[in-house]
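S.K.: Compact mmCIF, C-alpha atoms and all ligand atoms, file work.txt:
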# COMPACT_ATOMS: atom_id res chain seq x y z
CA MET Y 82 8.99 -9.73 -16.27
CA SER Y 83 8.50 -13.10 -14.68
CA LEU Y 84 8.97 -13.75 -11.01
CA CYS Y 85 12.48 -14.49 -9.82
CA ASP Y 86 13.24 -17.72 -8.03
CA LEU Y 87 13.27 -16.01 -4.64
CA CYS Y 88 9.76 -14.65 -5.18
CA LEU Y 89 8.50 -17.96 -6.50
CA ALA Y 90 9.73 -19.51 -3.26
CA GLN Y 91 8.09 -16.74 -1.21
CA ILE Y 92 4.56 -16.85 -2.58
CA ASP Y 93 2.01 -18.95 -0.72
CA ARG Y 94 4.30 -19.32 2.29
CA PRO Y 95 2.71 -18.67 5.70
CA GLY Y 96 3.12 -15.22 7.22
CA HIS Y 97 5.75 -16.32 9.72
CA PHE Y 98 8.08 -17.13 6.83
CA PRO Y 99 10.59 -14.21 6.65
CA PRO Y 100 10.78 -12.01 3.52
CA HIS Y 101 13.61 -12.94 1.19
CA ALA Y 102 16.76 -10.78 1.04
CA ARG Y 103 15.75 -8.80 -2.08
CA LEU Y 104 12.32 -7.74 -0.81
CA VAL Y 105 12.07 -4.08 0.26
CA LYS Y 106 9.19 -3.01 2.48
CA GLN Y 107 7.03 -0.37 0.80
CA GLY Y 108 4.43 0.33 3.46
CA GLN Y 109 0.94 -0.63 4.47
CA VAL Y 110 -1.95 -0.91 2.03
CA HIS Y 111 -5.49 -2.19 1.90
CA THR Y 112 -6.44 -4.84 -0.60
CA ALA Y 113 -9.55 -4.74 -2.79
CA THR Y 114 -11.28 -6.90 -0.20
CA GLY Y 115 -10.52 -4.35 2.51
CA GLN Y 116 -7.87 -6.40 4.27
CA HIS Y 117 -4.82 -4.81 5.77
CA ALA Y 118 -1.58 -5.76 4.05
CA PHE Y 119 2.13 -5.07 4.21
CA ALA Y 120 3.50 -4.35 0.75
CA TYR Y 121 6.96 -5.36 -0.40
CA ARG Y 122 8.68 -4.97 -3.75
CA CYS Y 123 11.40 -7.22 -5.10
CA GLU Y 124 14.59 -5.48 -6.21
CA ASP Y 125 15.36 -8.30 -8.60
CA CYS Y 126 12.16 -8.89 -10.57
CA GLY Y 127 10.18 -5.77 -9.60
CA HIS Y 128 7.04 -7.63 -8.57
CA ALA Y 129 4.95 -6.55 -5.62
CA ILE Y 130 4.54 -9.12 -2.86
CA LEU Y 131 2.00 -8.64 -0.09
CA LEU Y 132 1.82 -10.08 3.38
CA THR Y 133 -1.90 -10.31 4.00
CA ALA Y 134 -4.82 -12.54 4.92
CA ALA Y 135 -7.53 -13.67 2.51
CA HIS Y 136 -10.19 -12.60 5.00
CA GLU Y 137 -10.44 -11.33 8.55
CA ASP Y 138 -10.08 -14.67 10.29
CA ALA Y 139 -7.54 -16.20 7.92
CA PRO Y 140 -3.86 -16.46 8.81
CA ASP Y 141 -1.44 -14.14 7.03
CA ARG Y 142 0.37 -15.47 4.01
CA TRP Y 143 2.61 -14.19 1.22
CA VAL Y 144 0.79 -13.42 -2.03
CA LEU Y 145 1.64 -11.87 -5.37
CA GLY Y 146 0.65 -8.20 -5.13
CA ASP Y 147 -0.31 -8.13 -8.81
CA GLU Y 148 -3.43 -10.10 -7.81
CA PHE Y 149 -4.69 -7.10 -5.82
CA PRO Y 150 -5.59 -4.18 -8.11
CA GLY Y 151 -4.89 -0.88 -6.41
CA ALA Y 152 -2.94 -2.45 -3.59
CA ALA Y 153 0.55 -2.40 -5.01
ZN ZN T 201 11.57 -11.28 -7.20
Show me, as structure tokens, the structure contained in the file I just sent.

M.R.:
Amino acid sequence: MSLCDLCLAQIDRPGHFPPHARLVKQGQVHTATGQHAFAYRCEDCGHAILLTAAHEDAPDRWVLGDEFPGAA
């Protein structure tokens, strides 16, 4: 299923941007690169969205969880 409009608007936003109303927090995970992430799942489109940083010194941002094998 493709991303819903809410998720499309969420992805690539900075971490201080609040999760949209249909995102449900799933818990904490580690990405394939070893970064800590907060995992969310959308109740509308079913996609996983992560709040994480690309590397240790990078600011958090919203990314599509499907890009992180094993993380979602
Ligand atoms: Zn969605």

S.K.: Around ligand ZN 201 (chain T), which protein and nucleic acid residues have at least one atom no more than 12 Å from it, if we count all atoms listed in the file? List them as a list of chain:residue names.

M.R.: Y:Met82, Y:Ser83, Y:Leu84, Y:Cys85, Y:Asp86, Y:Leu87, Y:Cys88, Y:Leu89, Y:Ala90, Y:Gln91, Y:Ile92, Y:Pro100, Y:His101, Y:Ala102, Y:Arg103, Y:Leu104, Y:Val105, Y:Tyr121, Y:Arg122, Y:Cys123, Y:Glu124, Y:Asp125, Y:Cys126, Y:Gly127, Y:His128, Y:Ala129, Y:Ile130, Y:Leu145, Y:Gly146

S.K.: If you measure from atom CA of Thr112 of chain Y to atom CA of Pro95 of chain Y, what distance in Å do you get, rounded to one decimal?

M.R.: 17.7 Å

S.K.: List the neighbours of His117 of chain Y out to 8 Å using all atoms listed in the file; skip same-chain residues closer than 6 positions along the sequence, and give me the result as an mmCIF file with C-alpha atoms, in the frame of the given file.

M.R.:
data_model
loop_
_atom_site.group_PDB
_atom_site.id
_atom_site.type_symbol
_atom_site.label_atom_id
_atom_site.label_comp_id
_atom_site.auth_asym_id
_atom_site.auth_seq_id
_atom_site.Cartn_x
_atom_site.Cartn_y
_atom_site.Cartn_z
ATOM 1 C CA GLN Y 109 0.940 -0.630 4.470
ATOM 2 C CA VAL Y 110 -1.950 -0.910 2.030
ATOM 3 C CA HIS Y 111 -5.490 -2.190 1.900
ATOM 4 C CA THR Y 133 -1.900 -10.310 4.000
ATOM 5 C CA ALA Y 134 -4.820 -12.540 4.920
#

S.K.: Leaving out Ala120 of chain Y and any residue of its chain fewer than 5 positions from it, which residues lie within 6 Å of it when counting only C-alpha atoms, given as a CSV table (one decimal) with C-alpha atoms, keeping the file's coordinate frame?

M.R.:
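Writing done, so here's around30.csv:
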chain,number,residue,atom,x,y,z
Y,107,GLN,CA,7.0,-0.4,0.8
Y,108,GLY,CA,4.4,0.3,3.5
Y,109,GLN,CA,0.9,-0.6,4.5
Y,131,LEU,CA,2.0,-8.6,-0.1

S.K.: Let me make sure I understand: among Y:Leu132, Y:Gly115, Y:Val144, Y:Glu137, which one has the smallest atom-to-atom distance to Asp93 of chain Y if we use only C-alpha atoms?

M.R.: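 Of Y:Leu132, Y:Gly115, Y:Val144, Y:Glu137, the one nearest Asp93 of chain Y, counting only C-alpha atoms, is Y:Val144.
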
S.K.: Separation of atom CA of Ala113 of chain Y and atom CA of His97 of chain Y, in Å?

M.R.: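 These two atoms are separated by 22.9 Å.
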
S.K.: Give me the residues near His136 of chain Y as a list of chain:residue names, where near means some atom within 8 Å (using only C-alpha atoms) and where sequence neighbours in that chain fewer than 2 positions away do not count.

M.R.: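 What passes the distance filter is Y:Thr114, Y:Gln116, Y:Ala134, Y:Asp138, Y:Ala139.
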